[in-house]
file start26.pdb (PDB, C-alpha atoms)
ATOM      1  CA  MET A   1      55.824 144.890  76.576  1.00  0.00           C
ATOM      2  CA  THR A   2      57.463 141.647  75.587  1.00  0.00           C
ATOM      3  CA  GLN A   3      61.049 140.758  76.256  1.00  0.00           C
ATOM      4  CA  PRO A   4      63.214 139.461  73.413  1.00  0.00           C
ATOM      5  CA  ILE A   5      63.985 135.764  73.564  1.00  0.00           C
ATOM      6  CA  PRO A   6      67.623 135.259  74.552  1.00  0.00           C
ATOM      7  CA  ARG A   7      69.721 133.538  71.903  1.00  0.00           C
ATOM      8  CA  GLN A   8      70.816 130.051  72.786  1.00  0.00           C
ATOM      9  CA  PRO A   9      74.521 129.369  72.235  1.00  0.00           C
ATOM     10  CA  VAL A  10      75.079 127.321  69.124  1.00  0.00           C
ATOM     11  CA  PRO A  11      77.098 124.164  69.793  1.00  0.00           C
ATOM     12  CA  TYR A  12      80.418 123.847  68.030  1.00  0.00           C
ATOM     13  CA  ARG A  13      80.841 121.486  65.098  1.00  0.00           C
ATOM     14  CA  PHE A  14      83.303 119.516  67.238  1.00  0.00           C
ATOM     15  CA  ALA A  15      83.194 119.546  71.041  1.00  0.00           C
ATOM     16  CA  ALA A  16      86.986 119.931  71.208  1.00  0.00           C
ATOM     17  CA  MET A  17      86.634 123.389  69.641  1.00  0.00           C
ATOM     18  CA  ALA A  18      85.824 124.678  73.139  1.00  0.00           C
ATOM     19  CA  ILE A  19      89.552 124.758  73.956  1.00  0.00           C
ATOM     20  CA  LEU A  20      92.727 126.117  72.375  1.00  0.00           C
ATOM     21  CA  CYS A  21      94.540 123.878  69.865  1.00  0.00           C
ATOM     22  CA  THR A  22      98.139 123.558  70.986  1.00  0.00           C
ATOM     23  CA  TRP A  23      99.259 122.400  67.526  1.00  0.00           C
ATOM     24  CA  CYS A  24      97.938 125.119  65.209  1.00  0.00           C
ATOM     25  CA  LYS A  25      97.083 127.707  67.913  1.00  0.00           C
ATOM     26  CA  ALA A  26      93.425 127.930  66.843  1.00  0.00           C
ATOM     27  CA  ARG A  27      91.482 129.842  69.490  1.00  0.00           C
ATOM     28  CA  PRO A  28      88.431 128.377  71.221  1.00  0.00           C
ATOM     29  CA  GLY A  29      85.530 128.366  68.783  1.00  0.00           C
ATOM     30  CA  GLN A  30      87.743 128.395  65.685  1.00  0.00           C
ATOM     31  CA  LEU A  31      88.405 125.478  63.371  1.00  0.00           C
ATOM     32  CA  CYS A  32      91.900 123.987  63.278  1.00  0.00           C
ATOM     33  CA  THR A  33      94.023 124.985  60.297  1.00  0.00           C
ATOM     34  CA  ASN A  34      96.791 123.458  58.221  1.00  0.00           C
ATOM     35  CA  GLN A  35     100.481 124.058  58.960  1.00  0.00           C
ATOM     36  CA  ARG A  36     100.523 127.423  57.193  1.00  0.00           C
ATOM     37  CA  GLY A  37      97.276 128.570  58.792  1.00  0.00           C
ATOM     38  CA  THR A  38      95.648 129.104  55.393  1.00  0.00           C
ATOM     39  CA  THR A  39      93.066 126.301  55.168  1.00  0.00           C
ATOM     40  CA  ASP A  40      90.507 125.266  57.791  1.00  0.00           C
ATOM     41  CA  ARG A  41      90.181 121.604  58.736  1.00  0.00           C
ATOM     42  CA  ARG A  42      86.459 121.015  58.264  1.00  0.00           C
ATOM     43  CA  LYS A  43      86.376 117.236  58.832  1.00  0.00           C
ATOM     44  CA  ASP A  44      88.003 117.024  62.259  1.00  0.00           C
ATOM     45  CA  VAL A  45      90.308 118.671  64.774  1.00  0.00           C
ATOM     46  CA  HIS A  46      93.969 117.911  65.434  1.00  0.00           C
ATOM     47  CA  THR A  47      94.651 114.867  67.579  1.00  0.00           C
ATOM     48  CA  THR A  48      96.359 116.979  70.237  1.00  0.00           C
ATOM     49  CA  ARG A  49      93.234 119.121  70.583  1.00  0.00           C
ATOM     50  CA  ALA A  50      91.025 116.039  70.890  1.00  0.00           C
ATOM     51  CA  VAL A  51      93.308 114.523  73.551  1.00  0.00           C
ATOM     52  CA  ASP A  52      93.412 117.809  75.462  1.00  0.00           C
ATOM     53  CA  TRP A  53      89.607 117.995  75.306  1.00  0.00           C
ATOM     54  CA  ILE A  54      89.281 114.502  76.800  1.00  0.00           C
ATOM     55  CA  GLN A  55      91.650 115.519  79.590  1.00  0.00           C
ATOM     56  CA  VAL A  56      89.644 118.691  80.285  1.00  0.00           C
ATOM     57  CA  LEU A  57      86.337 116.825  80.255  1.00  0.00           C
ATOM     58  CA  ASN A  58      87.696 114.211  82.692  1.00  0.00           C
ATOM     59  CA  THR A  59      88.622 116.947  85.180  1.00  0.00           C
ATOM     60  CA  PRO A  60      85.929 118.272  87.544  1.00  0.00           C
ATOM     61  CA  CYS A  61      85.262 121.990  87.196  1.00  0.00           C
ATOM     62  CA  PRO A  62      86.667 123.914  90.196  1.00  0.00           C
ATOM     63  CA  GLU A  63      84.568 127.023  89.440  1.00  0.00           C
ATOM     64  CA  ARG A  64      82.231 127.704  92.391  1.00  0.00           C
ATOM     65  CA  ILE A  65      79.241 128.596  90.234  1.00  0.00           C
ATOM     66  CA  CYS A  66      79.573 125.469  88.077  1.00  0.00           C
ATOM     67  CA  GLN A  67      80.970 122.475  90.010  1.00  0.00           C
ATOM     68  CA  ALA A  68      80.425 120.173  86.999  1.00  0.00           C
ATOM     69  CA  PRO A  69      81.665 116.660  87.800  1.00  0.00           C
ATOM     70  CA  ALA A  70      84.175 114.861  85.606  1.00  0.00           C
ATOM     71  CA  GLY A  71      82.553 113.675  82.401  1.00  0.00           C
ATOM     72  CA  GLN A  72      79.912 116.417  82.400  1.00  0.00           C
ATOM     73  CA  PRO A  73      80.142 119.694  80.453  1.00  0.00           C
ATOM     74  CA  CYS A  74      80.367 123.039  82.212  1.00  0.00           C
ATOM     75  CA  THR A  75      77.281 125.179  82.622  1.00  0.00           C
ATOM     76  CA  LEU A  76      78.997 127.722  80.351  1.00  0.00           C
ATOM     77  CA  ARG A  77      78.025 125.967  77.124  1.00  0.00           C
ATOM     78  CA  PRO A  78      79.430 125.428  74.536  1.00  0.00           C
ATOM     79  CA  ASN A  79      82.611 126.680  76.219  1.00  0.00           C
ATOM     80  CA  VAL A  80      84.362 125.488  79.358  1.00  0.00           C
ATOM     81  CA  HIS A  81      85.512 127.558  82.308  1.00  0.00           C
ATOM     82  CA  LYS A  82      89.114 128.760  82.191  1.00  0.00           C
ATOM     83  CA  ALA A  83      89.714 127.302  85.662  1.00  0.00           C
ATOM     84  CA  ARG A  84      88.793 123.822  84.395  1.00  0.00           C
ATOM     85  CA  THR A  85      91.206 124.122  81.482  1.00  0.00           C
ATOM     86  CA  LEU A  86      93.973 125.192  83.849  1.00  0.00           C
ATOM     87  CA  ALA A  87      93.175 122.412  86.336  1.00  0.00           C
ATOM     88  CA  ALA A  88      93.417 119.819  83.560  1.00  0.00           C
ATOM     89  CA  ALA A  89      96.863 121.108  82.567  1.00  0.00           C
ATOM     90  CA  ILE A  90      98.302 120.612  86.060  1.00  0.00           C
ATOM     91  CA  PRO A  91      99.847 117.135  86.339  1.00  0.00           C
ATOM     92  CA  THR A  92      98.732 115.060  89.275  1.00  0.00           C
ATOM     93  CA  THR A  93     100.901 112.651  91.212  1.00  0.00           C
ATOM     94  CA  THR A  94      99.836 109.073  91.550  1.00  0.00           C
ATOM     95  CA  PRO A  95     100.663 107.133  94.733  1.00  0.00           C
TER      96      PRO A  95
END
call {"tool": "encode", "arguments": {"input": "start26.pdb", "output": "structure tokens"}}
result
Amino acid sequence: MTQPIPRQPVPYRFAAMAILCTWCKARPGQLCTNQRGTTDRRKDVHTTRAVDWIQVLNTPCPERICQAPAGQPCTLRPNVHKARTLAAAIPTTTP
């Protein structure tokens, strides 16, 4: 008896779609919308979402099963671990 082939996760159109958009409140995996939430932005994501994504990607993943270094995606593709998103939101002090 053969086993079905597991479906590979489809990458998002934009990598920043892996996190929440703080401007339009689009959930991870959803396209950003206009101010009224009626029209999807199909060409790009909001600048705040792109900046947040860069901050998340430049934070190492603290999840024990992942341990992805800064600059590398999490093993949970195309998404990121919740712990990494939270760690990126915590401001760090500089000496």
call {"tool": "resolve_selection", "arguments": {"input": "start26.pdb", "expression": "the PyMOL selection byres ((chain A and resi 18-30) around 9)", "output": "list in words"}}
result
Tyr12, Phe14, Ala15, Ala16, Met17, Leu31, Cys32, Thr33, Asn34, Gln35, Arg36, Gly37, Asp40, Val45, His46, Thr47, Thr48, Arg49, Ala50, Asp52, Trp53, Val56, Arg77, Pro78, Asn79, Val80 and Thr85 of chain A
call {"tool": "residues_around", "arguments": {"input": "start26.pdb", "residues": "Glu63 of chain A", "least_positions_apart": "5", "cutoff": "10 Å", "atoms": "all atoms listed in the file", "output": "NGL selection string"}}
result
:A and (68 or 74 or 81-84)
call {"tool": "atom_distance", "arguments": {"input": "start26.pdb", "atom1": "atom CA of Pro62 of chain A", "atom2": "atom CA of Thr75 of chain A"}}
result
12.1 Å
call {"tool": "atom_distance", "arguments": {"input": "start26.pdb", "atom1": "atom CA of Leu76 of chain A", "atom2": "atom CA of Pro4 of chain A"}}
result
20.9 Å
call {"tool": "build_atoms", "arguments": {"input": "start26.pdb", "residues": "segment 17-29 of chain A", "atoms": "N, CA, C and O atoms", "output": "tab-separated table (two decimals), keeping the file's coordinate frame"}}
result
chain	number	residue	atom	x	y	z
A	17	MET	N	86.42	121.99	70.03
A	17	MET	CA	86.63	123.39	69.64
A	17	MET	C	86.44	124.35	70.81
A	17	MET	O	86.70	125.53	70.71
A	18	ALA	N	86.02	123.83	71.97
A	18	ALA	CA	85.82	124.68	73.14
A	18	ALA	C	87.15	125.08	73.78
A	18	ALA	O	87.18	125.97	74.62
A	19	ILE	N	88.25	124.43	73.37
A	19	ILE	CA	89.55	124.76	73.96
A	19	ILE	C	90.53	125.15	72.86
A	19	ILE	O	90.30	124.93	71.69
A	20	LEU	N	91.66	125.70	73.28
A	20	LEU	CA	92.73	126.12	72.38
A	20	LEU	C	93.42	124.89	71.78
A	20	LEU	O	93.64	123.91	72.47
A	21	CYS	N	93.76	124.95	70.50
A	21	CYS	CA	94.54	123.88	69.86
A	21	CYS	C	96.01	124.20	70.06
A	21	CYS	O	96.49	125.25	69.62
A	22	THR	N	96.72	123.31	70.73
A	22	THR	CA	98.14	123.56	70.99
A	22	THR	C	99.00	123.31	69.76
A	22	THR	O	100.15	123.72	69.73
A	23	TRP	N	98.47	122.67	68.73
A	23	TRP	CA	99.26	122.40	67.53
A	23	TRP	C	99.22	123.58	66.56
A	23	TRP	O	100.25	124.06	66.13
A	24	CYS	N	98.04	124.04	66.20
A	24	CYS	CA	97.94	125.12	65.21
A	24	CYS	C	97.59	126.46	65.84
A	24	CYS	O	97.46	127.46	65.16
A	25	LYS	N	97.40	126.49	67.17
A	25	LYS	CA	97.08	127.71	67.91
A	25	LYS	C	95.72	128.30	67.57
A	25	LYS	O	95.50	129.50	67.73
A	26	ALA	N	94.79	127.46	67.10
A	26	ALA	CA	93.42	127.93	66.84
A	26	ALA	C	92.76	128.26	68.19
A	26	ALA	O	92.85	127.48	69.13
A	27	ARG	N	92.13	129.40	68.26
A	27	ARG	CA	91.48	129.84	69.49
A	27	ARG	C	90.20	129.05	69.73
A	27	ARG	O	89.66	128.45	68.82
A	28	PRO	N	89.70	129.06	70.97
A	28	PRO	CA	88.43	128.38	71.22
A	28	PRO	C	87.33	128.91	70.30
A	28	PRO	O	87.18	130.12	70.13
A	29	GLY	N	86.61	128.00	69.70
A	29	GLY	CA	85.53	128.37	68.78
A	29	GLY	C	85.95	128.42	67.33
A	29	GLY	O	85.11	128.48	66.45
